[in-house]
Amino acid sequence: MATATESDVDEGIEGEEQPEARVGWRYTLSQLRKDPTAMAGAAIIGVFFVVAFIAFIDTTVLGLFNQEYWLAETFWVNPVQDPATTRILRPPLGLTNDLHPNDPGTWSHPLGTDHRGRDILARLFYGTKIAMQVGIVATGIGTIAGVIVGAIAGYYGGWIDDTLMRAVEVLYAIPFLVLVIAFMVAFGRNLTFAMIGVGIRTIPVFARLIRSEVLSVREEDYIEAARAAGVTDWKLIQRHIIPNSFAPVLVQATLQIGINILVIAGLSFLGFGAQPPTASWGQMLSVSRGYMLPAPWFSVWPGMAILLAVVGFNLLGDGLRDALDPRIQNR
Amino acid sequence: MGRATYTIRRLLQGLPVMLGVITITFFLTEAMPGDPVSIMLGPNPSLTQAAAIRAKYGLDEPVYIRFGKYIWNLLQGDMGRSLYYQVPVTEKIMERLPVTLLLVGASFVFGAVTAVPLGVISAKRRNKPVDHISRVVALIGISTPSFWIGLMLIIVFAFHSQDVSWIPEFPATGLVLPWADPATIDGASSRYDVIARSMEHLALPTLSLGTLRMAAFTRIERSSMLEVLNQEYVKLARAYGVSEGKILRKHAFRNAQLPLITIMGLQLTASLGGAVLTETVFEINGMGRLIITAVNNQDYYLVMGTTLMFGVVFVVGVIVVDLLYAYIDPRVSFEGGD
Amino acid sequence: MSEDETLLEVENLKTQFFTEEGTVRAVDGISFDVKEGEIVGLVGESGAGKSVATSSIMRLVEEPGEVVGGTVTFKGEKLIDFDEGPDGEMRPSDEMLSNSQMRKRIRGREIAIIFQDPMEALNPVFKVGSQIREFIEINRGFDEEEARELAVDMLREVGIPEPEDRYHSYPHQFSGGMRQRVLIAMALACEPSLIIADEPTTALDVTVEAQILELVDDLREKYDTAFIWVTHDMAVIAEICDRVNVMYLGEIIEEAEVDDLFHDTKHPYTRALLESIPRPDQTTEELNPIVGVMPEAINPPPGCRFHTRCPEAREVCPEVEPEFQDVSEADESEHFVHCVKYEDVGYEYAEPLETQATEAFGGGLIETDEEERGEADD
């Protein structure tokens, strides 16, 4: 028969029936799995990822061997090269337009063709790579730089905080598009600078986020305890502060990829993104503008692609937010 | 202290930000390639003309002198001269600013007016069909590129309405300012006509720019309302016999608007950016289009002026939002710091 | 002394919460009454169901909770009434007041409630005075001017200095104790017959608590209002209550007049509660906490719910559902208990049960380690 021992006292009298722990990776993933909309979002993103990856192989990797579009040409006849002019601005499957009033769309070009006769679906396919690339790289830059800046500002406070946050606010005061456009005109009107520009403009978002997290975590007792025990500042930031502020950063990063995809679409639309003949969704929309009357469906598809991709990231981000928030147990 | 002092203090706090904006734009435009002289005068300018231009804009002097000259001029209200338009930058901006403000203002009004009822209803009938629909709509709203909505709207309401009779037709380009002189607008013979035309022209662009606002506001309103409805003071009111309707309208409503107002400040910078896109799609001559033209023509001073103006609008907007917040929430005092 | 009228009669009230994890039987058949002018205590640990019980009486239980059975009669009217339908299901009866009747006639007007956290309970964006005024207008039918005057009077009554000025203050401009006074003023202004005070002093420090208790006593003398005082603090019960109900896991396990409860304790749980109150002369080793944690109300222990932590548990305890019965002597006031000890099921002859309490600490309460080892097999 058991008697009271010291270990019982340590574990607490309530050592026996603890409620199930409600934090940690395992739990978050299992919560996510139960959330149908989050899973839908993840599925959409997954599809786009696969597409982008294939496009990446087909252009960049195979490009190293001068075999761009080998995959496309082998499995999908003539999607991006210049074909016969009778094929320009064809309508989508089963529909007609003013340019081809008696000639409805066919399966060979299910979404129609663009002003140079190139298959729209194929161009959307390759545009995915651009969107994913910019979205992820730019968000990555912004997240990492922003987290560092915000963590330092929040942790040290004082004049460091003031200066850093003022700088951040300045970046924030200039509208996204305006800043990136100015940046690109100054440094280069191509995709690389677009990524960097968007990345820089993403920094304020994360700097502010982390800073407020750090400010609240910093006041917690366990931080004081650790400091009293002699833990150095840097280790403190690394081991305690950043992991605890991690959740909202993850959520925001997911959502931010979606936001940045919208931004790069806007930039491309205005002519500041990927340059023709590279396919990018925003740029396709810009071109389609000139053909709105004869071929309206041309304008529809690139927008839908953007919409779908961003919806995917938003669904996943929202789902992550719900799963990571310890308060929300029953939605 | 009072509101006046608070406002002034906030304005002063905005100055360092403005300075930062000026500095950034100045150095960005410095980095821009191209020789302003040849853009303005053509490929073979005469030496005297070129020299005159150089002297006039201080193009020969070192950077810090140019910067200093620029700030000095700024304080006197002079933002330089547009190379492309050949008028003072200030003049050009003042010409275009009201248009953009009208557009952005209309989109905010549209967003708020639709989002508040939708958010409240959504919160009240949580998890019922209405809620699900509005959440889906909001999700799509924040995921859709605004310029694409613009394109779609144009296709349906400007082009295809000509073929299909039951779709109303709206103009696809341009904006008419409601306070414009009727004589300058053809087909308008009275103030009433002008306002009507103005609404017509505003319809599609506002919808295009405002959808994202509406979606974002709806989400905030909904979650804010949900949170407020869970508060103890709402339960107390219920316990004292206050009707559900009155609770929604009076006890919960005001508290729920606070996060929305905060968000409005953040949305401001987003919608200024969106205005650039919307103005391009609808060929509206506002500041957004101005900056694109300026950038494409390496119009040095115009770019700086416009960017600066965007910054000013943002800073002022934030202050207005803060004042609004303080007006509603008595816990925010006009004393103390930020 | 005249026969006091029974104001509120609660019979077999049941409230359940329907959650993803299961059905939580938060209030599982409680019965008690409140007479005019009485202060009845409702005491128990966190999670016992006290707040749910009071919300249920007011029919303010929110999703996913629902009152599913029982009868609550107030001044003869049925606030809650369930009939058993032909299929055995409990259904709200027609005699029950409708929602709008509850709202207009009962809530605020006849029964008022004071919440635990005064900061949260007051709307931060409205002035304190106008919040009181609104409730007065609704519940007593005064016009704006009269209501305002009354509000100021009540603020003075509860001891808030300069009430005319303070009428125009916002909640955040008051201290915790002051805010609680405001809530009391709010409740009294509506002149209800019954005030439900849900842990009103828990969030306040002890000196302030004492002031509030004194105030309530004075006011009770003056206005003859009945109170249901919900708390987990036995000391407050001792100070202010006339009768006490002890709740455990959704059930009332003992009900008695306050003196009887303290001096003639019948239920092991009540005794454990009393013994667990730290006294200034005790050291840490001498403390007697109640062993274990209250189980979740989704799956309550079989038989007597307290048997898992009861130092006097015997083998019959999990088998028998005790009845709530009066165990007082003939000339004493009523004293109800819900304990197998007082049932006629052979408790005296049964073997002691191994529970958290008996396992760790032997048959009685904690003494010291050495003594335990000796008594292992009692």
# chains A, B, ... in the order shown; residues from 1 in each chain; ligands from 1

$ residues_around --residues "range 172-185 of chain C" --least-positions-apart "5" --cutoff "6 Å" --atoms "only C-alpha atoms" --output "ChimeraX atom specification"
/C:118,154-155,158,208

$ closest_atom_pairs --of "chain B" --to "chain C" --cutoff "7 Å" --atoms "only C-alpha atoms" --output "CSV"
residue,atom,partner,partner_atom,distance
B:Glu232,CA,C:Ala121,CA,4.8
B:Tyr233,CA,C:Ala121,CA,4.2
B:Leu236,CA,C:Ala121,CA,6.4
B:Ala239,CA,C:Arg107,CA,5.6
B:Tyr240,CA,C:Gly108,CA,4.0
B:Gly241,CA,C:Arg103,CA,4.6
B:Asn255,CA,C:Val125,CA,6.9
B:Asp329,CA,C:Val125,CA,5.7
B:Pro330,CA,C:Val125,CA,5.9
B:Arg331,CA,C:His172,CA,6.8

$ select_by_dssp --residues "range 166-215 of chain B" --states "alpha helix (DSSP H)" --output "list in words"
Arg191, Tyr192, Asp193, Val194, Ile195, Ala196, Arg197, Ser198, Met199, Glu200, His201, Leu202, Ala203, Leu204, Pro205, Thr206, Leu207, Ser208, Leu209, Gly210, Thr211, Leu212, Arg213, Met214 and Ala215 of chain B

$ residues_around --residues "range 154-166 of chain A" --least-positions-apart "6" --cutoff "8 Å" --atoms "only C-alpha atoms" --output "VMD selection string"
(chain A and resid 208 210 to 212 214 to 215 218 237) or (chain B and resid 16 to 17)

$ write_last_selection --atoms "N, CA, C and O atoms" --output "PDB file, in the first residue's frame"
ATOM      1  N   ARG A 208       7.216  44.400 -36.299  1.00  0.00           N
ATOM      2  CA  ARG A 208       6.210  44.821 -35.327  1.00  0.00           C
ATOM      3  C   ARG A 208       5.644  43.642 -34.571  1.00  0.00           C
ATOM      4  O   ARG A 208       5.410  43.720 -33.358  1.00  0.00           O
ATOM      5  N   ILE A 210       6.912  40.592 -33.976  1.00  0.00           N
ATOM      6  CA  ILE A 210       7.832  40.009 -33.012  1.00  0.00           C
ATOM      7  C   ILE A 210       8.055  40.961 -31.845  1.00  0.00           C
ATOM      8  O   ILE A 210       8.101  40.549 -30.687  1.00  0.00           O
ATOM      9  N   ARG A 211       8.158  42.212 -32.144  1.00  0.00           N
ATOM     10  CA  ARG A 211       8.417  43.164 -31.081  1.00  0.00           C
ATOM     11  C   ARG A 211       7.327  43.111 -30.023  1.00  0.00           C
ATOM     12  O   ARG A 211       7.606  43.081 -28.830  1.00  0.00           O
ATOM     13  N   SER A 212       6.083  43.070 -30.440  1.00  0.00           N
ATOM     14  CA  SER A 212       5.036  43.058 -29.427  1.00  0.00           C
ATOM     15  C   SER A 212       5.019  41.744 -28.673  1.00  0.00           C
ATOM     16  O   SER A 212       4.767  41.702 -27.467  1.00  0.00           O
ATOM     17  N   VAL A 214       7.696  39.915 -28.094  1.00  0.00           N
ATOM     18  CA  VAL A 214       8.852  39.966 -27.199  1.00  0.00           C
ATOM     19  C   VAL A 214       8.535  40.836 -25.988  1.00  0.00           C
ATOM     20  O   VAL A 214       8.862  40.505 -24.857  1.00  0.00           O
ATOM     21  N   LEU A 215       7.892  41.949 -26.240  1.00  0.00           N
ATOM     22  CA  LEU A 215       7.568  42.837 -25.132  1.00  0.00           C
ATOM     23  C   LEU A 215       6.723  42.131 -24.079  1.00  0.00           C
ATOM     24  O   LEU A 215       6.922  42.312 -22.891  1.00  0.00           O
ATOM     25  N   ARG A 218       8.838  39.237 -22.459  1.00  0.00           N
ATOM     26  CA  ARG A 218       9.941  39.757 -21.656  1.00  0.00           C
ATOM     27  C   ARG A 218       9.542  39.996 -20.214  1.00  0.00           C
ATOM     28  O   ARG A 218      10.343  39.902 -19.304  1.00  0.00           O
ATOM     29  N   ILE A 237      17.259  35.233 -25.799  1.00  0.00           N
ATOM     30  CA  ILE A 237      16.465  35.511 -26.996  1.00  0.00           C
ATOM     31  C   ILE A 237      16.285  34.237 -27.795  1.00  0.00           C
ATOM     32  O   ILE A 237      15.196  33.900 -28.242  1.00  0.00           O
TER      33      ILE A 237
ATOM     34  N   PRO B  16       9.491  62.902 -37.694  1.00  0.00           N
ATOM     35  CA  PRO B  16      10.648  62.043 -37.985  1.00  0.00           C
ATOM     36  C   PRO B  16      10.339  61.024 -39.065  1.00  0.00           C
ATOM     37  O   PRO B  16      11.197  60.720 -39.908  1.00  0.00           O
ATOM     38  N   VAL B  17       9.103  60.511 -39.030  1.00  0.00           N
ATOM     39  CA  VAL B  17       8.727  59.558 -40.068  1.00  0.00           C
ATOM     40  C   VAL B  17       8.769  60.227 -41.434  1.00  0.00           C
ATOM     41  O   VAL B  17       9.289  59.677 -42.408  1.00  0.00           O
TER      42      VAL B  17
END

$ closest_residue --among "B:Ile71, B:Ala158, B:Ile284, B:Ala256" --to "chain A" --atoms "only C-alpha atoms"
B:Ala158

$ select_by_dssp --residues "range 13-206 of chain C" --states "strand (DSSP E or B)" --output "PyMOL selection string"
chain C and resi 13-19+22-35+39-43+65-74+77-84+90-92+107+111-114+194-198

$ interface_residues --of "chain A" --to "chain B" --cutoff "7 Å" --atoms "only C-alpha atoms" --output "list in words"
Arg166, Glu169, Val170, Ala173, Ile174, Pro175, Phe176, Leu177, Val178, Ala182, Phe183, Val185, Ala186, Phe187, Leu262, Gly266, Met292, Leu293, Pro296, Gly303, Leu307, Val310 and Val311 of chain A

$ write_last_selection --atoms "C-alpha atoms" --output "PDB file, in the first residue's frame"
ATOM      1  CA  ARG A 166      11.050  54.593 -36.436  1.00  0.00           C
ATOM      2  CA  GLU A 169       7.575  52.894 -39.550  1.00  0.00           C
ATOM      3  CA  VAL A 170       9.109  54.863 -42.358  1.00  0.00           C
ATOM      4  CA  ALA A 173       4.394  54.746 -44.313  1.00  0.00           C
ATOM      5  CA  ILE A 174       5.109  54.364 -47.982  1.00  0.00           C
ATOM      6  CA  PRO A 175       2.540  52.187 -49.690  1.00  0.00           C
ATOM      7  CA  PHE A 176       3.787  48.767 -50.641  1.00  0.00           C
ATOM      8  CA  LEU A 177       3.511  49.145 -54.363  1.00  0.00           C
ATOM      9  CA  VAL A 178       4.975  52.608 -54.413  1.00  0.00           C
ATOM     10  CA  ALA A 182      10.608  53.097 -56.747  1.00  0.00           C
ATOM     11  CA  PHE A 183      13.078  50.498 -55.574  1.00  0.00           C
ATOM     12  CA  VAL A 185      13.277  51.683 -60.977  1.00  0.00           C
ATOM     13  CA  ALA A 186      16.373  52.584 -59.046  1.00  0.00           C
ATOM     14  CA  PHE A 187      17.995  49.196 -59.093  1.00  0.00           C
ATOM     15  CA  LEU A 262      -1.051  39.517 -54.612  1.00  0.00           C
ATOM     16  CA  GLY A 266       0.038  43.841 -59.005  1.00  0.00           C
ATOM     17  CA  MET A 292     -11.149  42.681 -73.083  1.00  0.00           C
ATOM     18  CA  LEU A 293     -13.774  43.197 -75.735  1.00  0.00           C
ATOM     19  CA  PRO A 296     -12.925  38.512 -72.322  1.00  0.00           C
ATOM     20  CA  GLY A 303      -7.058  36.199 -61.966  1.00  0.00           C
ATOM     21  CA  LEU A 307      -7.335  33.938 -56.324  1.00  0.00           C
ATOM     22  CA  VAL A 310      -4.051  33.153 -52.191  1.00  0.00           C
ATOM     23  CA  VAL A 311      -7.159  31.402 -50.893  1.00  0.00           C
TER      24      VAL A 311
END

$ residues_around --residues "Thr128 in chain A" --least-positions-apart "4" --cutoff "12 Å" --atoms "only C-alpha atoms" --output "PyMOL selection string"
chain A and resi 45+47-56+121-124+132-136+261+264-265+278-282+302+305-306+308-310

$ closest_residue --among "C:Ala53, C:Ala297, C:Leu13, C:Ile228" --to "Ile80 in chain C" --atoms "only C-alpha atoms"
C:Leu13

$ decode --residues "range 217-228 of chain C" --atoms "all heavy atoms" --output "compact mmCIF listing (two decimals), in the first residue's frame"
# COMPACT_ATOMS: atom_id res chain seq x y z
N ASP C 217 -24.40 43.62 4.85
CA ASP C 217 -25.18 43.36 6.05
C ASP C 217 -26.10 44.53 6.39
O ASP C 217 -27.28 44.35 6.68
CB ASP C 217 -24.21 43.10 7.21
CG ASP C 217 -24.71 41.99 8.09
OD1 ASP C 217 -25.70 41.33 7.70
OD2 ASP C 217 -24.14 41.82 9.18
N ASP C 218 -25.53 45.72 6.35
CA ASP C 218 -26.33 46.91 6.63
C ASP C 218 -27.50 47.02 5.66
O ASP C 218 -28.64 47.26 6.07
CB ASP C 218 -25.48 48.19 6.48
CG ASP C 218 -24.46 48.29 7.58
OD1 ASP C 218 -24.64 47.63 8.63
OD2 ASP C 218 -23.48 49.04 7.40
N LEU C 219 -27.18 46.84 4.41
CA LEU C 219 -28.22 47.00 3.40
C LEU C 219 -29.30 45.95 3.56
O LEU C 219 -30.47 46.21 3.31
CB LEU C 219 -27.60 46.93 2.00
CG LEU C 219 -26.66 48.08 1.68
CD1 LEU C 219 -25.95 47.83 0.38
CD2 LEU C 219 -27.45 49.38 1.60
N ARG C 220 -28.86 44.77 3.95
CA ARG C 220 -29.86 43.72 4.10
C ARG C 220 -30.82 44.09 5.21
O ARG C 220 -32.02 43.90 5.11
CB ARG C 220 -29.16 42.40 4.36
CG ARG C 220 -30.05 41.22 4.23
CD ARG C 220 -30.48 40.67 5.55
NE ARG C 220 -29.37 40.26 6.36
CZ ARG C 220 -29.24 39.03 6.82
NH1 ARG C 220 -30.10 38.12 6.49
NH2 ARG C 220 -28.23 38.73 7.59
N GLU C 221 -30.28 44.63 6.28
CA GLU C 221 -31.12 45.10 7.39
C GLU C 221 -32.13 46.10 6.87
O GLU C 221 -33.31 46.07 7.18
CB GLU C 221 -30.26 45.81 8.43
CG GLU C 221 -29.35 44.94 9.23
CD GLU C 221 -30.06 44.45 10.48
OE1 GLU C 221 -30.85 45.20 11.04
OE2 GLU C 221 -29.83 43.29 10.84
N LYS C 222 -31.61 47.01 6.07
CA LYS C 222 -32.44 48.12 5.64
C LYS C 222 -33.50 47.72 4.63
O LYS C 222 -34.63 48.17 4.69
CB LYS C 222 -31.51 49.18 5.03
CG LYS C 222 -32.14 50.51 4.81
CD LYS C 222 -31.06 51.56 4.56
CE LYS C 222 -31.71 52.85 4.09
NZ LYS C 222 -30.71 53.81 3.62
N TYR C 223 -33.12 46.92 3.64
CA TYR C 223 -34.02 46.64 2.54
C TYR C 223 -34.67 45.28 2.60
O TYR C 223 -35.53 44.97 1.78
CB TYR C 223 -33.28 46.78 1.20
CG TYR C 223 -32.83 48.19 0.89
CD1 TYR C 223 -31.52 48.59 1.18
CD2 TYR C 223 -33.71 49.11 0.35
CE1 TYR C 223 -31.11 49.87 0.91
CE2 TYR C 223 -33.29 50.40 0.08
CZ TYR C 223 -32.00 50.77 0.36
OH TYR C 223 -31.59 52.04 0.09
N ASP C 224 -34.21 44.46 3.51
CA ASP C 224 -34.78 43.13 3.66
C ASP C 224 -34.68 42.31 2.37
O ASP C 224 -35.58 41.54 2.03
CB ASP C 224 -36.26 43.24 4.09
CG ASP C 224 -36.71 41.96 4.79
OD1 ASP C 224 -35.86 41.29 5.38
OD2 ASP C 224 -37.91 41.63 4.69
N THR C 225 -33.59 42.47 1.65
CA THR C 225 -33.41 41.69 0.42
C THR C 225 -32.83 40.33 0.77
O THR C 225 -32.02 40.22 1.67
CB THR C 225 -32.38 42.37 -0.51
OG1 THR C 225 -32.58 43.77 -0.45
CG2 THR C 225 -32.49 41.87 -1.92
N ALA C 226 -33.26 39.30 0.04
CA ALA C 226 -32.66 37.99 0.22
C ALA C 226 -31.43 37.89 -0.67
O ALA C 226 -31.34 38.54 -1.70
CB ALA C 226 -33.66 36.90 -0.16
N PHE C 227 -30.48 37.05 -0.28
CA PHE C 227 -29.27 36.88 -1.07
C PHE C 227 -28.98 35.41 -1.27
O PHE C 227 -29.20 34.61 -0.38
CB PHE C 227 -28.05 37.46 -0.33
CG PHE C 227 -27.86 38.93 -0.48
CD1 PHE C 227 -28.60 39.82 0.27
CD2 PHE C 227 -26.93 39.43 -1.38
CE1 PHE C 227 -28.42 41.18 0.13
CE2 PHE C 227 -26.74 40.79 -1.51
CZ PHE C 227 -27.48 41.67 -0.75
N ILE C 228 -28.48 35.10 -2.44
CA ILE C 228 -27.77 33.83 -2.61
C ILE C 228 -26.31 34.22 -2.75
O ILE C 228 -25.95 34.93 -3.69
CB ILE C 228 -28.23 33.06 -3.86
CG1 ILE C 228 -29.70 32.69 -3.76
CG2 ILE C 228 -27.38 31.80 -4.03
CD1 ILE C 228 -30.19 31.91 -4.96
